[in-house]
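Single-structure report; data block below.
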Amino acid sequence: MSEVAVSAEHVSKRFRLYHERNNSLKVTLMRRGRAKFEEFWALDDVSLEVPKGTTFGLIGENGSGKSTLLKCMAKILHPDKGITNVNGKVSALLEVGAGFHPELSGRDNIYLNGSILGLSKKELDAKFDTIVEFAGLEQFIDAPVKNYSSGMYVRLGFSVAINVEPDVLLVDEVLAVGDENFQRKCGEKFAELREQGKTIVVVSHALGTMRNLCDHIALLDHGVLKKVGPATEVIDNYVSGTHTDRIADGDADARWGSGEARIDKIEILGLNGQPTSIVHTGDRCTFRYHYSTTEAIKRPVFGLAVSTVDGTLVAGPNTRDAGAVPEKIDGTGHVDLTVSKLLLLPGRYSIDVGIFDFTCVHPFDFRQHALRFDVEAGQPHDTQGLVSLDGTWTVNGATLRLTPDSP
Amino acid sequence: MASVSELVEARELFRNLTLRELRGKYKQSTLGWAWSMINPLATMLIFAVIFHYVLKVEPPTGKPSGLHSFPFFLLCGLLPWNFLSVGLTAGMGAPLANAGLIKKVYFPREVLTASVVTSWAVQFAIELVVVVIAFLFVGNVTFQWLPAVVMVILIQTVFVYGLALGLGAINVYFRDVQHFLGIAMQLWFYATPIVYPITLIPAHAKLFGHSLPMRALYELNPMVRFVAMYRDLLYNLRWFSLADFLYVTGVAVVTLAIGRGIFLRLEPRFAEEL
């Protein structure tokens with residue numbers, strides 16, 4: 001890799017856990033010294049380099065030190081040993097709307113917050129309309145922010161922060177703000193920043209998002225850097241590493257989860273409604289989960305990942321994205337995903353299935369390679385790629401039907 | 001640690017934070033900025049009644065202005081004192097008041113203290129403008145002295161800023177600095193010739209049989225010099241003494257150097273200690 005945007009060299013950070021905080025002089029004098037505290041290393045000799053223009057993820061369990069590392073990069077915390085270096089202008093999205101003054105108008109706060117994030121008045125003048133439009137607050141921009149709803153407040157804060165357009169953007173779990181429409185806009189903005197060759201360092205628990213968003217990922221555990229590498233590789237490693245010991249039983253390649261809800265069986269129902277392992281391109285088919293629970297599960301998310309046998313993810317529908325999350329499940333039952341026209345092209349496919357909590361972070365049950373099935377030629381019968389777009393070709397406006405199997 | 005180039009980059013931030021302080025100050029009150037005048041006037045009235053009419057403290061006659069007025073004599077000391085008092089208290093509290101910001105965003109932290117102290121300096125200047133107009137009614141035309149007044153305000157601002165930086169940083173670690181300050185300020189107030197003329201302080205005093213150079217010790221207090229300078233310019237209508245000028249400038253520079261030294265040393269751990 002060429003240039004390095006962010007680097008950490010042997011970074012260690014020690015935190016003090018006070019048994020009794022003594023920030024009063026009296027207590028200090030009586031104890032003749034600082035309060036008793038235990039020290040622990042939140043970061044222990046972490047070295048890594050983030051290449052310029054890439055999106056880099058930091059993952060790990062709570063307390064793994066990933067946010068501490070991000071704060072060291074942002075210069076909010078000073079490492080006790082080692083140094084962090086950032087080339088170019090940095091903006092840290094650790095908390096949106098930090099520094100808003102409730103009595104001031106949205107307009108004044110944009111200028112205030114923008115300058116805290118390092119923008120000049122001139123730059124802010126130029127970006128002002130974009131920021132307001134992005135936040136969708138044109139009508140309210142001259143009202144004091146104390147009268148804003150929490151959603152409006154967050155939107156304005158995020159809009160200022162993301163429009164700073166730094167060379168390096170540090171993001172901590174703030175991707176999930178606002179309504180769906182706003183989230184989509186944020187996603188687009190991130191994509192735009194990546195295209196512009198900006199470097200993004202992001203900390204998150206949402207592994208699915210991280211897999212799609214990041215080029216490289218570093219895995220931290222109790223302050224120690226465990227693994228750095230391509231996103232998919234590190235996440236797969238992390239997922240199987242953290243979860244395999246919970247439930248493991250026979251038939252599937254790998255299975256994990258906390259077990260309150262389980263997928264007893266997954267099957268594909270063909271045209272006649274009977275279980276099958278062979279479907280044809282263009283056929284109607286149904287993926288059926290048979291589940292059972294040990295207790296009532298609120299708002300479970302059922303997900304399905306269809307991959308080719310060499311591991312390329314083709315599709316990943318889930319009930320949350322579809323807006324079809326049941327309020328709760330209890331006992332046994334089945335959940336169907338009906339596909340009216342399966343547009344996979346011929347080949348062998350493998351499916352992973354899972355039941356997650358609503359945040360999609362905690363798996364109740366996840367079965368990797370739960371089922372393999374074959375797709376055989378049908379209609380449409382494209383030969384290139386993994387899926388058919390099911391389009392219609394016309395030449396000078398006229399539809400041509402040259403295929404031998406056309407009726 | 002904040003480098004000089006970072007401070008230059010932060011000038012926009014400094015401006016905006018100062019404006020935030022100024023605009024936010026009286027936002028919720030009906031009288032708004034009038035409060036910045038009502039407060040010192042109320043204090044002035046109370047002190048004038050108690051010290052002039054009850055305790056019979058006589059103001060000196062201004063030389064060469066010939067002015068003899070306790071309220072004006074008082075205001076020339078009270079307003080600079082108020083600036084020290086509120087500027088120091090608020091400036092010292094700036095890191096605590098902005099804990100949320102310090103924990104989430106990086107920028108040179110001393111800008112917070114600087115903007116708070118500056119906002120009070122601006123308010124002090126506005127109060128002085130009102131006083132200058134009031135002086136016209138009693139025949140003191142002060143316009144030619146105003147550039148010098150501005151200079152004294154600047155020196156005092158540096159002094160207050162240095163104190164606020166140092167104490168503010170220590171206060172992050174030991175919160176009772178702010179409570180202790182409350183008592184210290186009371187003592188300091190009466191150790192400064194605000195409600196009485198300096199002539200009441202004897203040149204020498206006997207203590208346990210030893211002769212102490214009372215006045216010289218008293219004049220170690222830089223606020224004594226600041227008040228004398230404001231009074232010279234506005235009440236007496238004459239130049240302040242060179243000794244006063246050199247002394248306060250020296251104290252201000254040393255205070256800033258020490259205060260900033262303490263601040264920069266303690267600043268790196270702010271985000272954890274707050």
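So you can find residues: chains in the structure tokens are A, B, ... in the order shown, residues in each start at 1, and ligands are numbered from 1 in order.
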Up to 8 Å from chain B, what residues of chain A turn up? Count only C-alpha atoms and give them as a PyMOL selection string.
-> chain A and resi 22-25+74-78+92+94-95+98-99+101+103-104+111-112+115-118+120-121
Using only C-alpha atoms, which residues sit within 10 Å of range 261-266 of chain A once same-chain residues fewer than 2 positions away are excluded, as number ranges by chain?
-> A: 256-259, 268-269, 275, 287-297, 300, 302, 329-336, 351-356, 363-367, 370-371
Write out, as a compact mmCIF listing (two decimals), in the first residue's frame, the residues just selected, with N, CA and C atoms.
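Contents of the output file result_37.txt:
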```txt
# COMPACT_ATOMS: atom_id res chain seq x y z
N TRP A 256 -23.70 -21.14 15.79
CA TRP A 256 -23.48 -20.45 17.05
C TRP A 256 -24.69 -19.61 17.41
N GLY A 257 -24.67 -19.07 18.61
CA GLY A 257 -25.80 -18.25 19.05
C GLY A 257 -26.09 -18.57 20.50
N SER A 258 -26.93 -17.75 21.12
CA SER A 258 -27.19 -17.93 22.54
C SER A 258 -28.26 -18.99 22.79
N GLY A 259 -29.02 -19.37 21.77
CA GLY A 259 -29.88 -20.55 21.87
C GLY A 259 -31.29 -20.35 22.37
N ILE A 268 -36.43 -25.82 1.35
CA ILE A 268 -36.88 -25.07 0.19
C ILE A 268 -38.09 -25.80 -0.38
N LEU A 269 -39.18 -25.07 -0.56
CA LEU A 269 -40.38 -25.67 -1.13
C LEU A 269 -40.45 -25.25 -2.60
N PRO A 275 -40.84 -30.04 -0.30
CA PRO A 275 -39.41 -29.77 -0.13
C PRO A 275 -38.60 -30.30 -1.30
N PHE A 287 -38.53 -20.37 0.95
CA PHE A 287 -37.57 -20.82 1.97
C PHE A 287 -38.31 -20.87 3.30
N ARG A 288 -38.37 -22.03 3.92
CA ARG A 288 -39.16 -22.15 5.16
C ARG A 288 -38.26 -22.45 6.35
N TYR A 289 -38.35 -21.60 7.40
CA TYR A 289 -37.64 -21.83 8.66
C TYR A 289 -38.61 -22.53 9.61
N HIS A 290 -38.19 -23.62 10.22
CA HIS A 290 -38.94 -24.17 11.34
C HIS A 290 -38.19 -23.79 12.59
N TYR A 291 -38.85 -23.00 13.45
CA TYR A 291 -38.11 -22.53 14.64
C TYR A 291 -38.76 -23.06 15.91
N SER A 292 -38.00 -23.00 16.99
CA SER A 292 -38.57 -23.24 18.31
C SER A 292 -37.83 -22.34 19.29
N THR A 293 -38.54 -21.95 20.36
CA THR A 293 -37.90 -21.04 21.32
C THR A 293 -38.01 -21.62 22.72
N THR A 294 -37.11 -21.24 23.58
CA THR A 294 -37.18 -21.66 24.97
C THR A 294 -37.88 -20.60 25.81
N GLU A 295 -38.00 -19.39 25.26
CA GLU A 295 -38.73 -18.32 25.94
C GLU A 295 -39.24 -17.36 24.86
N ALA A 296 -40.13 -16.45 25.24
CA ALA A 296 -40.66 -15.51 24.25
C ALA A 296 -39.53 -14.59 23.78
N ILE A 297 -39.44 -14.42 22.47
CA ILE A 297 -38.41 -13.57 21.91
C ILE A 297 -39.09 -12.39 21.26
N PRO A 300 -37.76 -10.68 16.79
CA PRO A 300 -36.61 -11.39 16.23
C PRO A 300 -36.44 -11.05 14.76
N PHE A 302 -35.23 -12.57 11.24
CA PHE A 302 -34.85 -13.77 10.51
C PHE A 302 -34.05 -13.33 9.29
N ILE A 329 -42.07 -14.02 19.02
CA ILE A 329 -42.33 -15.43 18.74
C ILE A 329 -42.16 -16.19 20.04
N ASP A 330 -42.95 -17.24 20.16
CA ASP A 330 -42.89 -18.04 21.38
C ASP A 330 -43.31 -19.45 21.00
N GLY A 331 -42.55 -20.44 21.41
CA GLY A 331 -42.91 -21.83 21.10
C GLY A 331 -42.34 -22.24 19.75
N THR A 332 -43.13 -22.95 18.99
CA THR A 332 -42.63 -23.40 17.70
C THR A 332 -43.49 -22.80 16.59
N GLY A 333 -42.94 -22.79 15.39
CA GLY A 333 -43.69 -22.27 14.26
C GLY A 333 -42.81 -22.23 13.03
N HIS A 334 -43.31 -21.61 11.98
CA HIS A 334 -42.47 -21.49 10.82
C HIS A 334 -42.58 -20.09 10.21
N VAL A 335 -41.48 -19.70 9.56
CA VAL A 335 -41.42 -18.41 8.89
C VAL A 335 -41.04 -18.69 7.45
N ASP A 336 -41.77 -18.08 6.50
CA ASP A 336 -41.51 -18.34 5.08
C ASP A 336 -40.98 -17.10 4.39
N ILE A 351 -26.83 -21.79 1.61
CA ILE A 351 -27.47 -20.72 2.39
C ILE A 351 -27.09 -20.81 3.86
N ASP A 352 -26.86 -19.60 4.44
CA ASP A 352 -26.69 -19.44 5.88
C ASP A 352 -28.00 -18.88 6.39
N VAL A 353 -28.44 -19.34 7.54
CA VAL A 353 -29.67 -18.79 8.11
C VAL A 353 -29.42 -18.37 9.55
N GLY A 354 -30.19 -17.41 10.01
CA GLY A 354 -29.99 -16.97 11.39
C GLY A 354 -31.20 -16.27 11.97
N ILE A 355 -31.28 -16.30 13.29
CA ILE A 355 -32.26 -15.50 14.01
C ILE A 355 -31.47 -14.58 14.93
N PHE A 356 -31.74 -13.28 14.81
CA PHE A 356 -30.99 -12.30 15.59
C PHE A 356 -31.96 -11.45 16.41
N PRO A 363 -26.76 -12.89 17.96
CA PRO A 363 -27.42 -14.03 17.32
C PRO A 363 -28.03 -14.98 18.35
N PHE A 364 -29.29 -15.38 18.13
CA PHE A 364 -29.87 -16.45 18.94
C PHE A 364 -29.41 -17.78 18.37
N ASP A 365 -29.43 -17.85 17.05
CA ASP A 365 -28.98 -19.06 16.38
C ASP A 365 -28.52 -18.67 14.99
N PHE A 366 -27.35 -19.16 14.64
CA PHE A 366 -26.86 -18.88 13.30
C PHE A 366 -26.29 -20.16 12.75
N ARG A 367 -26.74 -20.56 11.59
CA ARG A 367 -26.25 -21.81 10.98
C ARG A 367 -25.61 -21.48 9.65
N ALA A 370 -26.30 -23.97 6.11
CA ALA A 370 -27.38 -24.81 6.64
C ALA A 370 -27.95 -25.71 5.55
N LEU A 371 -27.88 -25.25 4.32
CA LEU A 371 -28.50 -26.01 3.24
C LEU A 371 -27.79 -25.68 1.93
```
Compile the contact shell of range 127-130 of chain B as a PyMOL selection string: residues with an atom at most 9 Å away, counting only C-alpha atoms, same-chain residues fewer than 3 positions apart removed.
-> chain B and resi 36-37+40+76+79+122-124+133-135
Test item, strand (DSSP E or B) assignment across range 100-184 of chain A, answer as a list of chain:residue names = A:Ser105, A:Pro144, A:Val168, A:Leu169, A:Leu170, A:Val171, A:Asp172
Here CA of Gln183 in chain A and CA of Gly197 in chain A stand apart by 21.4 Å
Quick one: DSSP alpha helix (DSSP H) residues in range 193-404 of chain A, as a VMD selection string?
-> chain A and resid 193 to 195 207 to 213 231 to 243
